[in-house]
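As stored in coords.cif (mmCIF, C-alpha atoms):
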```cif
data_work
loop_
_atom_site.label_atom_id
_atom_site.label_comp_id
_atom_site.auth_asym_id
_atom_site.auth_seq_id
_atom_site.Cartn_x
_atom_site.Cartn_y
_atom_site.Cartn_z
CA MET G 1 0.00 0.00 0.00
CA THR G 2 1.37 3.41 -1.02
CA ALA G 3 1.22 6.22 1.53
CA ARG G 4 -0.59 9.35 0.38
CA PRO G 5 1.95 12.17 -0.22
CA HIS G 6 1.93 14.96 2.36
CA PRO G 7 -0.08 18.02 1.22
CA ARG G 8 3.00 20.25 1.55
CA LEU G 9 4.38 18.55 -1.55
CA ARG G 10 1.51 20.07 -3.54
CA LEU G 11 2.26 23.66 -2.46
CA SER G 12 3.30 25.87 -5.35
CA GLU G 13 6.87 27.13 -4.97
CA LEU G 14 6.00 30.12 -7.14
CA LEU G 15 3.12 31.18 -4.89
CA HIS G 16 4.77 30.28 -1.60
CA GLN G 17 7.46 32.95 -1.95
CA PRO G 18 6.58 35.69 0.58
CA VAL G 19 6.04 38.67 -1.72
CA ARG G 20 4.27 36.67 -4.41
CA PHE G 21 2.05 35.07 -1.75
CA SER G 22 0.91 38.53 -0.57
CA MET G 23 0.51 39.74 -4.15
CA MET G 24 -1.77 36.87 -5.08
CA ALA G 25 -3.74 37.29 -1.83
CA ALA G 26 -4.37 40.93 -2.77
CA LEU G 27 -5.12 40.26 -6.43
CA ALA G 28 -7.49 37.38 -5.66
CA ALA G 29 -9.61 39.76 -3.55
CA ALA G 30 -9.81 42.31 -6.34
CA GLU G 31 -11.27 42.59 -9.80
CA GLY G 32 -8.25 44.70 -10.66
CA LEU G 33 -5.59 46.53 -8.64
CA ASP G 34 -3.60 49.62 -9.44
CA PHE G 35 0.17 49.09 -9.19
CA ARG G 36 0.43 51.64 -6.35
CA ASP G 37 -2.41 50.06 -4.38
CA LEU G 38 -0.78 46.65 -4.71
CA ARG G 39 2.61 48.06 -3.71
CA ASP G 40 1.10 49.66 -0.60
CA ALA G 41 -0.74 46.47 0.34
CA VAL G 42 2.33 44.26 -0.05
CA GLN G 43 4.68 46.91 1.40
CA VAL G 44 7.60 46.52 -1.00
CA THR G 45 9.48 48.89 -3.30
CA ASP G 46 8.42 49.54 -6.88
CA SER G 47 11.39 47.59 -8.27
CA THR G 48 10.75 44.56 -6.06
CA LEU G 49 7.10 44.55 -7.03
CA SER G 50 7.93 44.89 -10.74
CA LYS G 51 10.27 41.90 -10.54
CA GLN G 52 7.65 39.71 -8.84
CA VAL G 53 4.93 40.90 -11.23
CA SER G 54 7.12 39.73 -14.11
CA ALA G 55 7.50 36.29 -12.50
CA LEU G 56 3.75 35.90 -12.02
CA GLU G 57 3.03 37.30 -15.48
CA ALA G 58 5.46 34.79 -17.04
CA ALA G 59 3.60 31.99 -15.24
CA GLY G 60 0.32 33.25 -16.67
CA TYR G 61 -1.07 34.06 -13.22
CA VAL G 62 -1.29 37.85 -13.61
CA ALA G 63 -2.33 40.10 -16.48
CA VAL G 64 -0.81 43.57 -16.69
CA THR G 65 -2.51 46.48 -18.45
CA LYS G 66 -0.69 49.74 -19.05
CA GLY G 67 -2.58 52.87 -19.97
CA PHE G 68 -2.93 56.58 -19.37
CA VAL G 69 -5.45 58.61 -17.41
CA GLY G 70 -4.95 62.09 -18.77
CA LYS G 71 -1.17 62.39 -19.03
CA ARG G 72 -0.44 60.07 -16.12
CA PRO G 73 0.60 56.49 -16.79
CA ARG G 74 -1.44 53.88 -14.95
CA THR G 75 -0.58 50.21 -14.56
CA SER G 76 -3.36 47.83 -13.60
CA LEU G 77 -2.98 44.23 -12.58
CA LYS G 78 -5.46 41.41 -12.33
CA ALA G 79 -5.29 37.73 -11.52
CA THR G 80 -5.99 35.57 -14.57
CA PRO G 81 -8.36 32.58 -14.36
CA ALA G 82 -5.29 30.31 -14.25
CA GLY G 83 -3.85 32.45 -11.44
CA ARG G 84 -7.09 32.30 -9.44
CA GLU G 85 -7.22 28.54 -9.90
CA ALA G 86 -3.61 28.08 -8.77
CA TRP G 87 -4.20 30.39 -5.80
CA ALA G 88 -7.34 28.52 -4.77
CA ALA G 89 -5.44 25.22 -4.96
CA HIS G 90 -2.58 26.68 -2.91
CA LEU G 91 -4.97 27.90 -0.20
CA ALA G 92 -6.78 24.55 -0.19
CA THR G 93 -3.48 22.79 0.41
CA LEU G 94 -2.63 25.19 3.24
CA ARG G 95 -6.03 24.46 4.80
CA GLU G 96 -5.30 20.75 4.61
CA ILE G 97 -1.96 21.29 6.36
CA ALA G 98 -3.60 23.56 8.95
CA ALA G 99 -6.16 20.85 9.71
CA ASP G 100 -3.45 18.21 10.38
CA MET M 1 9.87 24.26 -0.80
CA THR M 2 11.90 27.43 -0.97
CA ALA M 3 10.64 29.91 1.58
CA ASP M 4 7.73 30.73 3.84
CA LEU M 5 6.39 34.20 4.55
CA THR M 6 9.01 34.86 7.14
CA GLY M 7 11.65 34.34 4.51
CA THR M 8 13.00 31.17 6.07
CA THR M 9 13.31 27.91 4.21
CA GLY M 10 11.32 24.83 5.04
CA THR M 11 7.79 23.52 4.81
CA PRO M 12 4.94 24.96 6.87
CA ASP M 13 3.56 23.02 9.80
CA SER M 14 -0.11 23.35 10.76
CA ALA M 15 0.45 26.47 12.89
CA GLU M 16 2.42 28.15 10.10
CA ALA M 17 -0.24 27.17 7.55
CA ARG M 18 -2.93 28.80 9.71
CA ARG M 19 -0.78 31.92 10.00
CA LEU M 20 -0.37 32.03 6.23
CA LEU M 21 -4.13 31.68 5.70
CA ASP M 22 -4.78 34.53 8.15
CA ARG M 23 -2.14 36.60 6.39
CA ALA M 24 -3.75 35.97 2.99
CA ASP M 25 -7.13 37.06 4.35
CA ALA M 26 -5.67 40.21 5.94
CA VAL M 27 -3.74 41.25 2.82
CA GLY M 28 -6.81 40.69 0.63
CA ARG M 29 -8.88 42.94 2.89
CA SER M 30 -6.29 45.71 3.20
CA ALA M 31 -5.57 45.78 -0.55
CA THR M 32 -9.19 46.53 -1.40
CA SER M 33 -10.31 48.43 1.71
CA ALA M 34 -10.09 51.85 0.03
CA ALA M 35 -11.15 50.71 -3.45
CA SER M 36 -14.86 51.44 -3.01
CA TRP M 37 -14.84 55.05 -1.83
CA PRO M 38 -14.76 56.70 -5.31
CA ALA M 39 -17.84 54.67 -6.30
CA VAL M 40 -19.63 55.52 -3.04
CA ALA M 41 -18.83 59.23 -3.43
CA PHE M 42 -19.94 59.13 -7.07
CA LEU M 43 -23.27 57.48 -6.25
CA LEU M 44 -24.07 59.90 -3.42
CA ALA M 45 -23.14 62.95 -5.48
CA LEU M 46 -25.06 61.63 -8.49
CA GLY M 47 -28.15 61.12 -6.34
CA ALA M 48 -27.91 64.61 -4.87
CA ALA M 49 -27.36 66.30 -8.24
CA ALA M 50 -30.05 64.29 -10.01
CA SER M 51 -32.69 64.79 -7.32
CA MET M 52 -32.09 68.55 -7.09
CA GLY M 53 -32.00 68.84 -10.88
CA THR M 54 -35.22 66.86 -11.19
CA LEU M 55 -36.93 69.06 -8.62
CA ALA M 56 -35.73 72.24 -10.37
CA MET M 57 -36.83 70.98 -13.80
CA GLY M 58 -40.21 69.86 -12.47
CA LEU M 59 -41.00 73.19 -10.84
CA THR M 60 -39.93 75.49 -13.67
CA THR M 61 -40.77 76.07 -17.29
CA GLY M 62 -39.31 77.86 -20.30
CA THR M 63 -35.74 79.16 -20.03
CA ALA M 64 -35.43 78.25 -16.35
CA TYR M 65 -36.25 74.62 -17.19
CA PHE M 66 -33.39 74.45 -19.69
CA VAL M 67 -31.00 76.20 -17.31
CA ALA M 68 -31.79 73.55 -14.68
CA MET M 69 -31.33 70.78 -17.25
CA GLY M 70 -27.99 72.25 -18.38
CA GLY M 71 -26.81 72.51 -14.78
CA LEU M 72 -27.74 68.89 -14.11
CA LEU M 73 -25.92 67.65 -17.21
CA VAL M 74 -22.78 69.65 -16.33
CA TRP M 75 -22.79 68.15 -12.83
CA ILE M 76 -23.16 64.62 -14.20
CA ALA M 77 -20.24 65.24 -16.59
CA VAL M 78 -18.07 66.57 -13.72
CA LEU M 79 -18.89 63.52 -11.60
CA VAL M 80 -18.12 61.07 -14.39
CA VAL M 81 -14.73 62.70 -15.08
CA ALA M 82 -13.86 62.76 -11.35
CA PHE M 83 -14.84 59.10 -10.99
CA VAL M 84 -12.68 58.02 -13.94
CA LEU M 85 -9.70 59.96 -12.55
CA LEU M 86 -10.05 58.78 -8.95
CA ARG M 87 -11.00 55.14 -9.44
CA ARG M 88 -7.91 52.93 -9.49
CA SER M 89 -8.74 49.53 -8.03
CA ALA M 90 -11.88 47.47 -7.63
CA ARG M 91 -12.97 44.72 -5.29
CA VAL M 92 -13.94 41.41 -6.78
CA GLY M 93 -17.49 41.53 -8.19
CA PHE M 94 -17.51 45.32 -8.57
CA GLY M 95 -18.22 45.26 -12.33
CA ARG M 96 -21.40 43.25 -11.87
CA ARG M 97 -22.58 45.41 -8.96
CA TRP M 98 -21.77 48.61 -10.83
CA MET M 99 -23.91 47.61 -13.81
CA ALA M 100 -26.79 46.85 -11.44
CA TYR M 101 -26.41 50.28 -9.73
CA LEU M 102 -26.42 52.12 -13.06
CA ALA M 103 -29.38 50.12 -14.38
CA ALA M 104 -31.43 50.88 -11.24
CA PHE M 105 -30.49 54.56 -11.29
CA PHE M 106 -31.18 55.11 -14.99
CA ALA M 107 -34.50 53.28 -14.85
CA CYS M 108 -35.58 55.82 -12.21
CA TYR M 109 -33.94 58.68 -14.09
CA VAL M 110 -35.93 57.95 -17.27
CA GLY M 111 -39.12 57.94 -15.18
CA ALA M 112 -38.13 61.23 -13.56
CA MET M 113 -37.40 62.88 -16.90
CA LEU M 114 -40.80 61.78 -18.24
CA VAL M 115 -42.55 63.26 -15.19
CA VAL M 116 -40.69 66.60 -15.30
CA GLY M 117 -40.92 66.74 -19.11
CA PHE M 118 -44.73 66.76 -18.89
CA SER M 119 -44.84 68.80 -15.68
CA GLN M 120 -44.49 72.26 -17.24
CA GLY M 121 -43.87 73.59 -13.74
CA GLN M 122 -47.20 72.26 -12.47
CA ASP M 123 -46.63 68.74 -11.13
CA VAL M 124 -45.06 69.60 -7.79
CA VAL M 125 -45.93 66.30 -6.10
CA GLY M 126 -44.79 64.13 -9.04
CA SER M 127 -41.50 66.04 -9.32
CA ALA M 128 -40.87 65.81 -5.58
CA VAL M 129 -41.64 62.08 -5.55
CA MET M 130 -39.30 61.37 -8.47
CA ALA M 131 -36.56 63.49 -6.88
CA ALA M 132 -36.96 61.49 -3.68
CA VAL M 133 -36.89 58.20 -5.61
CA LEU M 134 -33.62 59.16 -7.36
CA LEU M 135 -32.03 60.11 -4.05
CA ALA M 136 -33.27 56.94 -2.33
CA VAL M 137 -31.99 54.67 -5.13
CA SER M 138 -28.55 56.25 -5.24
CA VAL M 139 -28.20 56.20 -1.44
CA ALA M 140 -29.29 52.55 -1.40
CA CYS M 141 -26.69 51.67 -4.06
CA ALA M 142 -24.00 53.54 -2.10
CA ALA M 143 -25.03 51.70 1.07
CA VAL M 144 -24.72 48.32 -0.68
CA GLU M 145 -21.24 49.26 -1.90
CA VAL M 146 -20.18 50.36 1.59
CA ARG M 147 -21.40 47.02 2.97
CA GLU M 148 -19.45 45.14 0.29
CA ALA M 149 -16.33 47.16 1.13
CA ARG M 150 -16.53 46.06 4.76
CA ARG M 151 -16.79 42.34 3.97
#
```

Could you render the structure from this file as structure tokens?
Amino acid sequence: MTARPHPRLRLSELLHQPVRFSMMAALAAAEGLDFRDLRDAVQVTDSTLSKQVSALEAAGYVAVTKGFVGKRPRTSLKATPAGREAWAAHLATLREIAAD
Amino acid sequence: MTADLTGTTGTPDSAEARRLLDRADAVGRSATSAASWPAVAFLLALGAAASMGTLAMGLTTGTAYFVAMGGLLVWIAVLVVAFVLLRRSARVGFGRRWMAYLAAFFACYVGAMLVVGFSQGQDVVGSAVMAAVLLAVSVACAAVEVREARR
């Protein structure tokens, strides 16, 4: 009989990183977040946030939209369906571990 | 596993997993806590402007009627521009709620415009009722959005 693997083995390394974990928590609660609002919520610098946004964007978990309101540039971010699914799975695994 | 939220390596035990779940909940709330206020301010201001404009249009005729209508339209334009400039983020489900707010408001607005259009400065009660309805609908929509923001 094969033992069932521990839930921690199903945790996503990409989402478990501290900044990316907070970013996905914020984005999952929002329809869309302005870059500055996300930065303030996660409490990191612009450059750190940009780097982590790129990692999540490359994984297909976050969609980035750049535009202008008047003359001011505005960057909006939203979790993609794949990102929401991965986040939900990550939280479900954490709940399993928490219930142990 | 590479790192937990404290930046240390290792896998989370049950206590750490609970802490992470609490952290996710807290970050989600704080990220969207201020997202609703431009919509709430817009709805309240729209209700105030529309109800006063409706009352003014219902109680006047001729040039005064068109002055009141022009004033109302200018205020609506100012509010729309301010909303577009101030709104940055949105809580999950906002798009669906927003469409419902606008549909409810404009259904009442069309009714109000029909009443004041036929009023010719005479239908005081009808104009007052429609002004009250517009204010009540917009305040109700704002109240729903405030409740959603606190969830």

When you draw a straight line from atom CA of M:Gly126 to atom CA of M:Gly62, how long is it in Å? 18.6 Å

Rounded to one decimal place, report the atom CA of M:Leu114-atom CA of M:Met57 distance in Å. 11.0 Å

Wanna dump the stretch 54-98 of chain G-stretch 81-104 of chain M contacts at 9 Å for me, each residue with its shortest atom pair and the distance in Å to one decimal, counting only C-alpha atoms, ordered by chain and number, as a Markdown table?
```
| residue | atom | partner | partner_atom | distance |
| --- | --- | --- | --- | --- |
| G:Val69 | CA | M:Leu85 | CA | 6.6 |
| G:Gly70 | CA | M:Leu85 | CA | 8.1 |
| G:Arg74 | CA | M:Arg88 | CA | 8.5 |
| G:Ser76 | CA | M:Ser89 | CA | 7.9 |
```

Can you list, as an MDAnalysis selection string, the residues that the PyMOL selection byres ((chain M) within 8 of (chain G)) selects here? chainID M and resid 1:7 11:18 20:21 23:25 27:32 85 88:95

On this structure, the PyMOL selection byres ((chain M and resi 45) around 10) would catch which residues? List them as an MDAnalysis selection string, sorted by chain and number. chainID M and resid 39:44 46:51 75:76 79 135 138:139

Could you write those residues out with C-alpha atoms, as a short mmCIF file (atom, residue, chain, number, x, y, z; two decimals), in the frame of the given file?
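Okay, selection-v6.cif is ready:
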```
data_model
loop_
_atom_site.label_atom_id
_atom_site.label_comp_id
_atom_site.auth_asym_id
_atom_site.auth_seq_id
_atom_site.Cartn_x
_atom_site.Cartn_y
_atom_site.Cartn_z
CA ALA M 39 -17.84 54.67 -6.30
CA VAL M 40 -19.63 55.52 -3.04
CA ALA M 41 -18.83 59.23 -3.43
CA PHE M 42 -19.94 59.13 -7.07
CA LEU M 43 -23.27 57.48 -6.25
CA LEU M 44 -24.07 59.90 -3.42
CA LEU M 46 -25.06 61.63 -8.49
CA GLY M 47 -28.15 61.12 -6.34
CA ALA M 48 -27.91 64.61 -4.87
CA ALA M 49 -27.36 66.30 -8.24
CA ALA M 50 -30.05 64.29 -10.01
CA SER M 51 -32.69 64.79 -7.32
CA TRP M 75 -22.79 68.15 -12.83
CA ILE M 76 -23.16 64.62 -14.20
CA LEU M 79 -18.89 63.52 -11.60
CA LEU M 135 -32.03 60.11 -4.05
CA SER M 138 -28.55 56.25 -5.24
CA VAL M 139 -28.20 56.20 -1.44
#
```

Against stretch 127-131 of chain M, which residues of stretch 6-65 of chain M fall within 6 Å? For each one I want the closest pair of atoms and the distance in Å (one decimal), counting all atoms listed in the file, rows by chain and increasing residue number, as JSON lines.
```
{"residue": "M:Ser51", "atom": "CA", "partner": "M:Ala131", "partner_atom": "CA", "distance": 4.1}
{"residue": "M:Thr54", "atom": "CA", "partner": "M:Ala131", "partner_atom": "CA", "distance": 5.6}
{"residue": "M:Leu55", "atom": "CA", "partner": "M:Ser127", "partner_atom": "CA", "distance": 5.5}
{"residue": "M:Gly58", "atom": "CA", "partner": "M:Ser127", "partner_atom": "CA", "distance": 5.1}
```

Keeping C-alpha atoms for every residue in the selection just given, could you write it to a file as a short mmCIF file (atom, residue, chain, number, x, y, z; two decimals), keeping the file's coordinate frame?
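Output file again-v3.cif is given in full below:
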```cif
data_model
loop_
_atom_site.label_atom_id
_atom_site.label_comp_id
_atom_site.auth_asym_id
_atom_site.auth_seq_id
_atom_site.Cartn_x
_atom_site.Cartn_y
_atom_site.Cartn_z
CA SER M 51 -32.69 64.79 -7.32
CA THR M 54 -35.22 66.86 -11.19
CA LEU M 55 -36.93 69.06 -8.62
CA GLY M 58 -40.21 69.86 -12.47
#
```

Enumerate, as an MDAnalysis selection string, the residues matched when the PyMOL selection byres ((chain G and resi 80-84) around 9) is run on the file above. chainID G and resid 24 27:28 56 59:63 78:79 85:89

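From atom CA of M:Arg150 back to atom CA of M:Tyr109, the distance works out to 28.6 Å.
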
First collect every listed atom of stretch 53-61 of chain M; then fit an axis-aligned box around them, widen it by 5 Å on each side, and give centre and edge lengths in Å to one decimal, as AutoDock Vina command-line options.
```
--center_x -36.5 --center_y 71.5 --center_z -13.0 --size_x 19.0 --size_y 19.2 --size_z 18.7
```
